[in-house]
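Pasted below: coords.cif, mmCIF, C-alpha atoms and all ligand atoms.
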```
data_data
loop_
_atom_site.group_PDB
_atom_site.id
_atom_site.type_symbol
_atom_site.label_atom_id
_atom_site.label_comp_id
_atom_site.auth_asym_id
_atom_site.auth_seq_id
_atom_site.Cartn_x
_atom_site.Cartn_y
_atom_site.Cartn_z
ATOM 1 C CA MET A 251 -2.489 -6.554 14.966
ATOM 2 C CA ALA A 252 -1.258 -2.977 15.159
ATOM 3 C CA ASN A 253 -2.489 -0.901 18.029
ATOM 4 C CA PRO A 254 -3.600 2.301 16.278
ATOM 5 C CA GLU A 255 -3.178 4.296 19.464
ATOM 6 C CA THR A 256 0.538 3.724 19.262
ATOM 7 C CA HIS A 257 0.880 5.916 16.216
ATOM 8 C CA VAL A 258 -2.235 8.032 15.704
ATOM 9 C CA HIS A 259 -2.356 11.453 17.325
ATOM 10 C CA ASP A 260 -4.526 14.572 17.075
ATOM 11 C CA THR A 261 -1.645 17.004 17.288
ATOM 12 C CA PRO A 262 1.952 16.467 16.260
ATOM 13 C CA PRO A 263 3.694 14.374 18.923
ATOM 14 C CA PRO A 264 6.423 16.195 20.869
ATOM 15 C CA ALA A 265 9.289 15.122 18.604
ATOM 16 C CA ALA A 266 7.468 16.143 15.402
ATOM 17 C CA ALA A 267 7.575 19.429 13.497
ATOM 18 C CA PRO A 268 4.329 21.403 12.885
ATOM 19 C CA ASP A 269 4.008 19.557 9.566
ATOM 20 C CA TRP A 270 4.225 16.289 11.519
ATOM 21 C CA THR A 271 7.561 15.246 10.063
ATOM 22 C CA ILE A 272 10.242 13.668 12.211
ATOM 23 C CA ALA A 273 13.843 12.769 11.511
ATOM 24 C CA GLN A 274 14.102 9.347 9.902
ATOM 25 C CA ASN A 275 16.932 8.557 12.313
ATOM 26 C CA TRP A 276 18.015 5.733 10.033
ATOM 27 C CA GLU A 277 20.837 4.731 12.374
ATOM 28 C CA ALA A 278 18.267 3.773 15.012
ATOM 29 C CA PHE A 279 16.744 0.887 13.018
ATOM 30 C CA THR A 280 17.921 -2.403 14.468
ATOM 31 C CA ALA A 281 19.381 -5.352 12.581
ATOM 32 C CA ALA A 282 16.094 -7.189 13.168
ATOM 33 C CA GLU A 283 14.137 -4.322 11.604
ATOM 34 C CA HIS A 284 16.364 -4.228 8.538
ATOM 35 C CA ALA A 285 16.011 -8.008 8.309
ATOM 36 C CA MET A 286 12.222 -7.642 8.353
ATOM 37 C CA TRP A 287 12.451 -5.243 5.408
ATOM 38 C CA ASP A 288 14.707 -7.682 3.541
ATOM 39 C CA ARG A 289 12.322 -10.542 4.192
ATOM 40 C CA LEU A 290 9.325 -8.577 2.909
ATOM 41 C CA PHE A 291 11.308 -7.223 -0.032
ATOM 42 C CA ALA A 292 12.485 -10.688 -1.101
ATOM 43 C CA ARG A 293 8.984 -12.129 -0.917
ATOM 44 C CA GLN A 294 7.405 -9.323 -2.957
ATOM 45 C CA SER A 295 10.105 -8.813 -5.524
ATOM 46 C CA ALA A 296 10.166 -12.518 -6.394
ATOM 47 C CA MET A 297 6.494 -12.405 -7.236
ATOM 48 C CA LEU A 298 6.057 -9.033 -8.924
ATOM 49 C CA PRO A 299 7.679 -9.447 -12.355
ATOM 50 C CA GLY A 300 4.721 -10.094 -14.662
ATOM 51 C CA ARG A 301 2.328 -8.807 -11.986
ATOM 52 C CA ALA A 302 3.423 -5.278 -11.121
ATOM 53 C CA SER A 303 3.103 -2.522 -13.712
ATOM 54 C CA GLU A 304 6.070 -1.507 -15.824
ATOM 55 C CA ALA A 305 6.204 1.835 -14.037
ATOM 56 C CA PHE A 306 6.434 0.155 -10.644
ATOM 57 C CA LEU A 307 9.200 -2.231 -11.677
ATOM 58 C CA ARG A 308 11.106 0.621 -13.301
ATOM 59 C CA GLY A 309 10.796 2.594 -10.063
ATOM 60 C CA ILE A 310 12.291 -0.247 -7.997
ATOM 61 C CA ASP A 311 15.199 -0.242 -10.399
ATOM 62 C CA VAL A 312 15.730 3.523 -10.702
ATOM 63 C CA LEU A 313 15.603 3.965 -6.922
ATOM 64 C CA LYS A 314 17.848 0.946 -6.286
ATOM 65 C CA LEU A 315 15.394 -0.405 -3.760
ATOM 66 C CA GLU A 316 16.996 -3.813 -4.118
ATOM 67 C CA ASN A 317 19.845 -2.591 -1.908
ATOM 68 C CA PRO A 318 19.462 -4.385 1.439
ATOM 69 C CA GLY A 319 17.817 -2.852 4.476
ATOM 70 C CA ILE A 320 15.282 -0.122 5.153
ATOM 71 C CA PRO A 321 16.246 2.643 2.729
ATOM 72 C CA ASP A 322 18.151 5.600 4.106
ATOM 73 C CA TYR A 323 16.143 8.619 2.890
ATOM 74 C CA ARG A 324 19.301 10.640 2.281
ATOM 75 C CA GLU A 325 20.149 8.225 -0.544
ATOM 76 C CA LEU A 326 16.630 7.388 -1.630
ATOM 77 C CA ASN A 327 15.687 11.052 -1.909
ATOM 78 C CA SER A 328 18.673 11.928 -4.047
ATOM 79 C CA ARG A 329 17.509 9.340 -6.599
ATOM 80 C CA LEU A 330 13.824 10.197 -6.296
ATOM 81 C CA MET A 331 14.500 13.940 -6.527
ATOM 82 C CA ALA A 332 16.530 13.390 -9.669
ATOM 83 C CA ALA A 333 13.733 11.302 -11.227
ATOM 84 C CA THR A 334 10.664 13.446 -10.466
ATOM 85 C CA GLY A 335 11.390 16.051 -7.783
ATOM 86 C CA TRP A 336 9.557 14.056 -5.102
ATOM 87 C CA GLN A 337 10.951 13.252 -1.681
ATOM 88 C CA VAL A 338 10.028 10.940 1.158
ATOM 89 C CA VAL A 339 9.619 12.396 4.651
ATOM 90 C CA ALA A 340 9.264 10.438 7.889
ATOM 91 C CA VAL A 341 6.122 10.769 10.029
ATOM 92 C CA PRO A 342 5.126 8.928 13.204
ATOM 93 C CA GLY A 343 2.050 7.307 11.610
ATOM 94 C CA LEU A 344 -1.208 8.462 10.055
ATOM 95 C CA VAL A 345 -1.340 12.240 9.848
ATOM 96 C CA PRO A 346 -4.473 14.430 9.582
ATOM 97 C CA ASP A 347 -5.973 14.761 6.111
ATOM 98 C CA ASP A 348 -5.043 18.409 5.592
ATOM 99 C CA VAL A 349 -1.440 17.704 6.576
ATOM 100 C CA PHE A 350 -1.359 14.715 4.249
ATOM 101 C CA PHE A 351 -2.742 16.712 1.312
ATOM 102 C CA ASP A 352 -0.303 19.546 1.934
ATOM 103 C CA HIS A 353 2.661 17.169 1.781
ATOM 104 C CA LEU A 354 1.455 15.618 -1.478
ATOM 105 C CA ALA A 355 0.747 19.012 -3.032
ATOM 106 C CA ASN A 356 4.393 19.855 -2.344
ATOM 107 C CA ARG A 357 5.752 16.560 -3.682
ATOM 108 C CA ARG A 358 6.564 15.109 -0.297
ATOM 109 C CA PHE A 359 5.376 11.620 0.534
ATOM 110 C CA PRO A 360 4.902 10.989 4.266
ATOM 111 C CA ALA A 361 6.091 7.528 5.300
ATOM 112 C CA GLY A 362 5.440 5.838 8.644
ATOM 113 C CA ASN A 363 8.719 5.549 10.512
ATOM 114 C CA PHE A 364 8.285 2.061 11.947
ATOM 115 C CA ILE A 365 8.257 -1.445 10.535
ATOM 116 C CA ARG A 366 5.813 -4.252 11.230
ATOM 117 C CA THR A 367 6.715 -7.034 13.658
ATOM 118 C CA PRO A 368 6.878 -10.722 12.634
ATOM 119 C CA GLU A 369 3.326 -11.179 14.011
ATOM 120 C CA GLN A 370 2.127 -8.516 11.567
ATOM 121 C CA LEU A 371 3.844 -10.003 8.531
ATOM 122 C CA ASP A 372 0.698 -10.257 6.433
ATOM 123 C CA TYR A 373 -1.594 -7.623 7.805
ATOM 124 C CA LEU A 374 -1.396 -4.416 9.761
ATOM 125 C CA GLN A 375 -3.903 -1.640 10.199
ATOM 126 C CA GLU A 376 -1.635 1.299 9.738
ATOM 127 C CA PRO A 377 0.902 1.980 6.998
ATOM 128 C CA ASP A 378 4.468 1.094 8.006
ATOM 129 C CA VAL A 379 7.674 1.925 6.199
ATOM 130 C CA PHE A 380 7.426 -1.190 4.035
ATOM 131 C CA HIS A 381 3.968 -0.335 2.732
ATOM 132 C CA ASP A 382 4.775 3.354 2.374
ATOM 133 C CA VAL A 383 8.193 3.055 0.762
ATOM 134 C CA PHE A 384 8.068 -0.241 -1.112
ATOM 135 C CA GLY A 385 4.397 0.186 -2.015
ATOM 136 C CA HIS A 386 4.155 3.881 -2.871
ATOM 137 C CA VAL A 387 7.556 5.275 -3.694
ATOM 138 C CA PRO A 388 8.413 3.309 -6.879
ATOM 139 C CA MET A 389 5.374 4.831 -8.632
ATOM 140 C CA LEU A 390 6.506 8.302 -7.557
ATOM 141 C CA ALA A 391 9.592 7.829 -9.739
ATOM 142 C CA ASP A 392 7.234 7.805 -12.752
ATOM 143 C CA PRO A 393 6.762 11.355 -14.109
ATOM 144 C CA VAL A 394 3.070 10.950 -14.928
ATOM 145 C CA PHE A 395 2.132 9.290 -11.660
ATOM 146 C CA ALA A 396 4.254 11.873 -9.825
ATOM 147 C CA ASP A 397 2.099 14.631 -11.331
ATOM 148 C CA TYR A 398 -1.083 12.729 -10.477
ATOM 149 C CA MET A 399 -0.137 12.506 -6.798
ATOM 150 C CA GLN A 400 0.699 16.190 -6.604
ATOM 151 C CA ALA A 401 -2.585 17.079 -8.309
ATOM 152 C CA TYR A 402 -4.401 14.792 -5.880
ATOM 153 C CA GLY A 403 -2.881 16.670 -2.953
ATOM 154 C CA GLU A 404 -3.864 20.014 -4.483
ATOM 155 C CA GLY A 405 -7.350 18.654 -5.133
ATOM 156 C CA GLY A 406 -7.490 17.521 -1.507
ATOM 157 C CA LEU A 407 -6.666 20.974 -0.199
ATOM 158 C CA ARG A 408 -9.271 22.478 -2.503
ATOM 159 C CA SER A 409 -11.891 19.857 -1.562
ATOM 160 C CA GLN A 410 -12.054 21.127 2.004
ATOM 161 C CA LYS A 411 -14.415 23.844 0.744
ATOM 162 C CA PHE A 412 -16.800 21.187 -0.553
ATOM 163 C CA ASP A 413 -17.188 18.575 2.165
ATOM 164 C CA ALA A 414 -15.895 16.037 -0.332
ATOM 165 C CA LEU A 415 -13.365 14.051 1.636
ATOM 166 C CA LYS A 416 -15.175 10.784 1.281
ATOM 167 C CA GLN A 417 -15.385 11.027 -2.499
ATOM 168 C CA LEU A 418 -11.744 11.988 -2.775
ATOM 169 C CA ALA A 419 -10.695 9.199 -0.420
ATOM 170 C CA ARG A 420 -12.479 6.682 -2.664
ATOM 171 C CA LEU A 421 -10.513 7.940 -5.652
ATOM 172 C CA TYR A 422 -7.270 7.491 -3.709
ATOM 173 C CA TRP A 423 -8.312 4.069 -2.528
ATOM 174 C CA TYR A 424 -9.238 2.719 -5.958
ATOM 175 C CA THR A 425 -6.221 4.194 -7.745
ATOM 176 C CA VAL A 426 -3.195 4.897 -5.549
ATOM 177 C CA GLU A 427 -3.895 2.018 -3.156
ATOM 178 C CA PHE A 428 -5.738 -0.650 -5.154
ATOM 179 C CA GLY A 429 -5.440 0.308 -8.805
ATOM 180 C CA LEU A 430 -4.931 -2.093 -11.704
ATOM 181 C CA ILE A 431 -3.693 -1.073 -15.142
ATOM 182 C CA ARG A 432 -4.094 -2.668 -18.553
ATOM 183 C CA GLU A 433 -0.763 -3.325 -20.248
ATOM 184 C CA ALA A 434 0.274 -5.216 -23.362
ATOM 185 C CA GLY A 435 0.799 -8.429 -21.388
ATOM 186 C CA GLY A 436 -2.532 -8.164 -19.534
ATOM 187 C CA LEU A 437 -3.675 -6.678 -16.242
ATOM 188 C CA ARG A 438 -0.961 -5.403 -13.925
ATOM 189 C CA ILE A 439 -0.887 -3.961 -10.406
ATOM 190 C CA TYR A 440 0.069 -0.366 -9.646
ATOM 191 C CA GLY A 441 -1.770 0.153 -6.325
ATOM 192 C CA ALA A 442 0.469 0.295 -3.264
ATOM 193 C CA GLY A 443 -1.945 -1.616 -1.050
ATOM 194 C CA ILE A 444 -1.797 -4.561 -3.419
ATOM 195 C CA VAL A 445 1.862 -4.439 -4.300
ATOM 196 C CA SER A 446 2.983 -4.439 -0.654
ATOM 197 C CA SER A 447 0.737 -7.425 0.197
ATOM 198 C CA TYR A 448 1.776 -10.951 -0.729
ATOM 199 C CA ALA A 449 -1.694 -12.429 -0.614
ATOM 200 C CA GLU A 450 -3.516 -9.568 -2.345
ATOM 201 C CA SER A 451 -0.946 -9.447 -5.155
ATOM 202 C CA LEU A 452 -2.112 -12.952 -6.040
ATOM 203 C CA PHE A 453 -5.798 -12.364 -5.309
ATOM 204 C CA ALA A 454 -6.132 -9.105 -7.242
ATOM 205 C CA LEU A 455 -4.984 -10.667 -10.509
ATOM 206 C CA ASP A 456 -5.758 -14.378 -10.195
ATOM 207 C CA SER A 457 -8.912 -14.801 -8.139
ATOM 208 C CA ASP A 458 -12.336 -15.312 -9.740
ATOM 209 C CA SER A 459 -13.940 -13.598 -6.771
ATOM 210 C CA PRO A 460 -13.543 -9.807 -7.269
ATOM 211 C CA ASN A 461 -15.036 -7.659 -10.023
ATOM 212 C CA ARG A 462 -12.616 -5.853 -12.294
ATOM 213 C CA ILE A 463 -14.213 -2.791 -13.880
ATOM 214 C CA GLY A 464 -12.930 -0.132 -16.273
ATOM 215 C CA PHE A 465 -12.059 3.090 -14.446
ATOM 216 C CA ASP A 466 -14.747 5.763 -14.488
ATOM 217 C CA LEU A 467 -14.047 8.812 -12.347
ATOM 218 C CA ALA A 468 -17.560 9.669 -11.150
ATOM 219 C CA ARG A 469 -18.390 6.006 -10.558
ATOM 220 C CA VAL A 470 -15.246 5.411 -8.514
ATOM 221 C CA MET A 471 -15.939 8.467 -6.377
ATOM 222 C CA ARG A 472 -19.309 6.965 -5.413
ATOM 223 C CA THR A 473 -18.126 3.429 -4.694
ATOM 224 C CA ASP A 474 -17.780 2.158 -1.123
ATOM 225 C CA TYR A 475 -14.738 0.108 -0.236
ATOM 226 C CA ARG A 476 -13.521 -2.170 2.477
ATOM 227 C CA ILE A 477 -10.495 -1.518 4.603
ATOM 228 C CA ASP A 478 -10.317 -4.821 6.467
ATOM 229 C CA ASP A 479 -9.923 -7.472 3.790
ATOM 230 C CA PHE A 480 -9.224 -8.082 0.095
ATOM 231 C CA GLN A 481 -11.123 -5.729 -2.202
ATOM 232 C CA GLN A 482 -14.323 -6.984 -3.821
ATOM 233 C CA ASN A 483 -13.799 -4.654 -6.709
ATOM 234 C CA TYR A 484 -10.792 -3.330 -8.624
ATOM 235 C CA PHE A 485 -10.889 -0.492 -11.136
ATOM 236 C CA VAL A 486 -8.673 -0.765 -14.195
ATOM 237 C CA ILE A 487 -7.059 2.208 -15.945
ATOM 238 C CA ASP A 488 -5.811 2.053 -19.543
ATOM 239 C CA SER A 489 -2.742 4.127 -18.808
ATOM 240 C CA LEU A 490 -1.302 6.536 -16.272
ATOM 241 C CA ASP A 491 -1.850 9.296 -18.837
ATOM 242 C CA GLN A 492 -5.565 8.502 -18.828
ATOM 243 C CA LEU A 493 -5.645 8.759 -15.032
ATOM 244 C CA LEU A 494 -3.799 12.063 -14.987
ATOM 245 C CA ASP A 495 -5.793 13.561 -17.883
ATOM 246 C CA VAL A 496 -9.224 12.781 -16.527
ATOM 247 C CA THR A 497 -8.465 13.942 -12.986
ATOM 248 C CA VAL A 498 -6.557 17.113 -13.844
ATOM 249 C CA ASN A 499 -8.949 18.195 -16.590
ATOM 250 C CA THR A 500 -12.132 17.613 -14.619
ATOM 251 C CA ASP A 501 -13.363 20.335 -12.305
ATOM 252 C CA PHE A 502 -14.331 18.303 -9.276
ATOM 253 C CA ALA A 503 -16.601 20.974 -7.749
ATOM 254 C CA PRO A 504 -19.698 20.147 -9.852
ATOM 255 C CA LEU A 505 -18.855 16.451 -9.677
ATOM 256 C CA TYR A 506 -18.794 16.503 -5.872
ATOM 257 C CA ALA A 507 -22.242 18.092 -5.931
ATOM 258 C CA SER A 508 -23.811 15.742 -8.491
ATOM 259 C CA ASN A 509 -22.320 12.701 -6.777
ATOM 260 C CA ALA A 510 -23.522 13.850 -3.374
ATOM 261 C CA ALA A 511 -27.078 13.891 -4.728
ATOM 262 C CA LEU A 512 -26.806 10.188 -5.623
ATOM 263 C CA PRO A 513 -26.565 7.231 -3.253
ATOM 264 C CA PRO A 514 -23.177 5.590 -2.706
ATOM 265 C CA ILE A 515 -22.628 2.463 -4.800
ATOM 266 C CA PRO A 516 -22.447 -0.725 -2.729
ATOM 267 C CA ILE A 517 -19.031 -2.360 -2.896
ATOM 268 C CA ALA A 518 -19.715 -5.284 -5.182
ATOM 269 C CA ASP A 519 -22.509 -3.907 -7.405
ATOM 270 C CA ILE A 520 -22.137 -3.881 -11.158
ATOM 271 C CA LEU A 521 -24.018 -1.071 -12.912
ATOM 272 C CA PRO A 522 -25.480 -1.000 -16.434
ATOM 273 C CA GLY A 523 -22.859 1.477 -17.683
ATOM 274 C CA ASP A 524 -19.856 -0.416 -16.309
ATOM 275 C CA GLU A 525 -17.140 -1.717 -18.568
ATOM 276 C CA VAL A 526 -16.946 -5.154 -16.986
ATOM 277 C CA ILE A 527 -13.552 -6.781 -17.422
ATOM 278 C CA THR A 528 -14.244 -9.580 -14.958
ATOM 279 C CA ARG A 529 -17.596 -10.251 -13.348
ATOM 280 C CA GLY A 530 -16.539 -11.630 -9.982
ATOM 281 C CA THR A 531 -18.190 -14.566 -8.257
ATOM 282 C CA GLN A 532 -17.679 -12.796 -4.871
ATOM 283 C CA ASP A 533 -17.127 -16.302 -3.464
ATOM 284 C CA TYR A 534 -14.317 -15.102 -1.240
ATOM 285 C CA ALA A 535 -16.346 -12.312 0.369
ATOM 286 C CA LEU A 536 -19.489 -14.459 0.632
ATOM 287 C CA ALA A 537 -17.622 -17.274 2.382
ATOM 288 C CA LYS A 538 -16.320 -14.807 4.942
ATOM 289 C CA SER A 539 -19.685 -13.246 5.709
ATOM 290 C CA SER A 540 -21.623 -16.500 6.125
HETATM 291 C C1 LIG B 1 -7.859 10.591 2.172
HETATM 292 C C2 LIG B 1 -7.059 10.810 3.422
HETATM 293 O O1 LIG B 1 -6.423 12.015 3.362
HETATM 294 C C3 LIG B 1 -6.097 9.650 3.693
HETATM 295 O O2 LIG B 1 -6.803 8.634 4.389
HETATM 296 C C4 LIG B 1 -4.823 10.004 4.439
HETATM 297 C C5 LIG B 1 -4.897 10.405 5.882
HETATM 298 N N1 LIG B 1 -3.607 10.475 6.509
HETATM 299 C C6 LIG B 1 -2.554 9.719 6.082
HETATM 300 N N2 LIG B 1 -1.376 9.755 6.736
HETATM 301 C C7 LIG B 1 -0.369 8.983 6.339
HETATM 302 N N3 LIG B 1 0.791 9.019 7.009
HETATM 303 N N4 LIG B 1 -0.493 8.168 5.274
HETATM 304 C C8 LIG B 1 -1.661 8.097 4.574
HETATM 305 O O3 LIG B 1 -1.760 7.348 3.593
HETATM 306 C C9 LIG B 1 -2.735 8.894 4.974
HETATM 307 N N5 LIG B 1 -3.924 8.892 4.287
HETATM 308 N N1 LIG B 2 -9.206 18.406 -10.824
HETATM 309 C C1 LIG B 2 -9.483 18.238 -9.435
HETATM 310 C C2 LIG B 2 -8.198 18.078 -8.622
HETATM 311 C C3 LIG B 2 -7.641 16.693 -8.667
HETATM 312 C C4 LIG B 2 -6.631 16.325 -9.559
HETATM 313 C C5 LIG B 2 -6.115 15.052 -9.586
HETATM 314 C C6 LIG B 2 -6.597 14.106 -8.693
HETATM 315 C C7 LIG B 2 -7.584 14.443 -7.808
HETATM 316 C C8 LIG B 2 -8.107 15.724 -7.798
HETATM 317 C C9 LIG B 2 -10.314 19.447 -8.874
HETATM 318 O O1 LIG B 2 -10.931 20.146 -9.621
HETATM 319 O O2 LIG B 2 -10.369 19.630 -7.676
HETATM 320 FE FE FE B 3 -0.852 3.566 1.350
#
```

Please lay out the structure from this file as structure tokens.
Ligand SMILES: C[C@H](O)[C@H](O)[C@H]1CNc2nc(N)[nH]c(=O)c2N1
Ligand SMILES: N[C@@H](Cc1ccccc1)C(=O)O
Ligand SMILES: [Fe+2]
Amino acid sequence: MANPETHVHDTPPPAAAPDWTIAQNWEAFTAAEHAMWDRLFARQSAMLPGRASEAFLRGIDVLKLENPGIPDYRELNSRLMAATGWQVVAVPGLVPDDVFFDHLANRRFPAGNFIRTPEQLDYLQEPDVFHDVFGHVPMLADPVFADYMQAYGEGGLRSQKFDALKQLARLYWYTVEFGLIREAGGLRIYGAGIVSSYAESLFALDSDSPNRIGFDLARVMRTDYRIDDFQQNYFVIDSLDQLLDVTVNTDFAPLYASNAALPPIPIADILPGDEVITRGTQDYALAKSS
């Protein structure tokens, strides 16, 4: 299990710039660390055709992530910049919310500059370079998703006037991290938290346990989530255009206020207005809690 204190700080650590970035120092990764990347990459990429969204698979291809080893950002960024104008920057670990939003608003994605150990193969508490780069960066090569992430960062900066962090974090969680999308072949994964996890990539699509519900912005922003295990609930978008349209063209200020006047929605509840794609048994979560 990751020790959060290793990477979480209140102020930029000594080696970091005021925006919390550090040099990737790609040369410093050891052979064992590159081998860990290769092991994770091989396991995920074997499983994801037919599971990951078209946009994600295209991103892997466009960015040449199949090249062995932890990507060198000098090369990765030249491809990513050419695709959508985004870049990846290295950070020591989780950064404060305002710093995170500011990076996104400027089309920079902060990636943790360490890789999990063999003991953390299947679960770690803090995003490492595999989650951040393999999980997030392929979608940033998609022009529509690229605009969504920038708009999210801008929305985050703006939200500070409204005490709305929790609502905005739920939107991030249920889209960027754990989103599903409907495609011609069926449901597909685009969320980074799923796509970088072997077990959840199977669970999110195949298990009878979780609910799968059509995406509804206000509903998502009220829905609690869990950070310590598989999701009990996934929200399904029809397209990336739908996601971008509804978020960019909605003024969140009145929505924050109307949502704040309502109670949060418990994780696994299904509401009368929901478009239920799968009504989950919740067997997995119930077995764990008993
Ligand atoms: C919503 C909120 O901003 C979010 O939890 C942020 C906080 N800081 C972060 N910092 C890093 N490096 N990566 C992240 O994904 C996040 N997430
Ligand atoms: N439209 C939102 C900003 C936003 C865009 C996209 C995603 C999230 C938030 C606002 O009014 O603040
Ligand atoms: Fe993430």

Just the residues within 7 Å of Phe351 in chain A, please, counting only C-alpha atoms, with nothing from its chain fewer than 2 positions along; format it as number ranges by chain.
A: 347-349, 353-355, 403-404, 406-407

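Proximity ranking of A:Ala414, A:Asp519, A:Tyr440, A:Gln532 relative to ligand LIG 2 (chain B) places A:Ala414 first, based on all atoms listed in the file.
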
Using only C-alpha atoms, which residue out of A:Ala285, A:Leu421, A:Leu390, A:Leu467 lies closest to Met331 in chain A?
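With only C-alpha atoms as the atom set, the closest residue is A:Leu390.
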
If the PyMOL selection byres (((chain A and resi 428) around 7) and not hetatm) is run on the structure shown, which residues does it catch, given as a PyMOL selection string?
chain A and resi 423-427+429-430+441-444+484

With a distance cut-off of 12 Å and only C-alpha atoms, select the neighbouring residues of Thr280 in chain A, excluding the residue or stretch itself and same-chain residues fewer than 4 positions from it, and output the selection as a CSV table (one decimal) with C-alpha atoms, in the frame of the given file.
```
chain,number,residue,atom,x,y,z
A,275,ASN,CA,16.9,8.6,12.3
A,276,TRP,CA,18.0,5.7,10.0
A,284,HIS,CA,16.4,-4.2,8.5
A,285,ALA,CA,16.0,-8.0,8.3
A,286,MET,CA,12.2,-7.6,8.4
A,287,TRP,CA,12.5,-5.2,5.4
A,319,GLY,CA,17.8,-2.9,4.5
A,320,ILE,CA,15.3,-0.1,5.2
A,364,PHE,CA,8.3,2.1,11.9
A,365,ILE,CA,8.3,-1.4,10.5
```

Could you give me, as a VMD selection string, the residues within 7 Å of Ala391 in chain A, counting all atoms listed in the file and dropping anything in the same chain fewer than 2 positions from it?
chain A and resid 309 330 333 to 334 387 to 389 393 396

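You can rank A:Leu418, A:Leu290, A:Leu512, A:Ala266 by their closest distance to ligand LIG 2 (chain B) using all atoms listed in the file, and at the top of that list sits A:Leu418.
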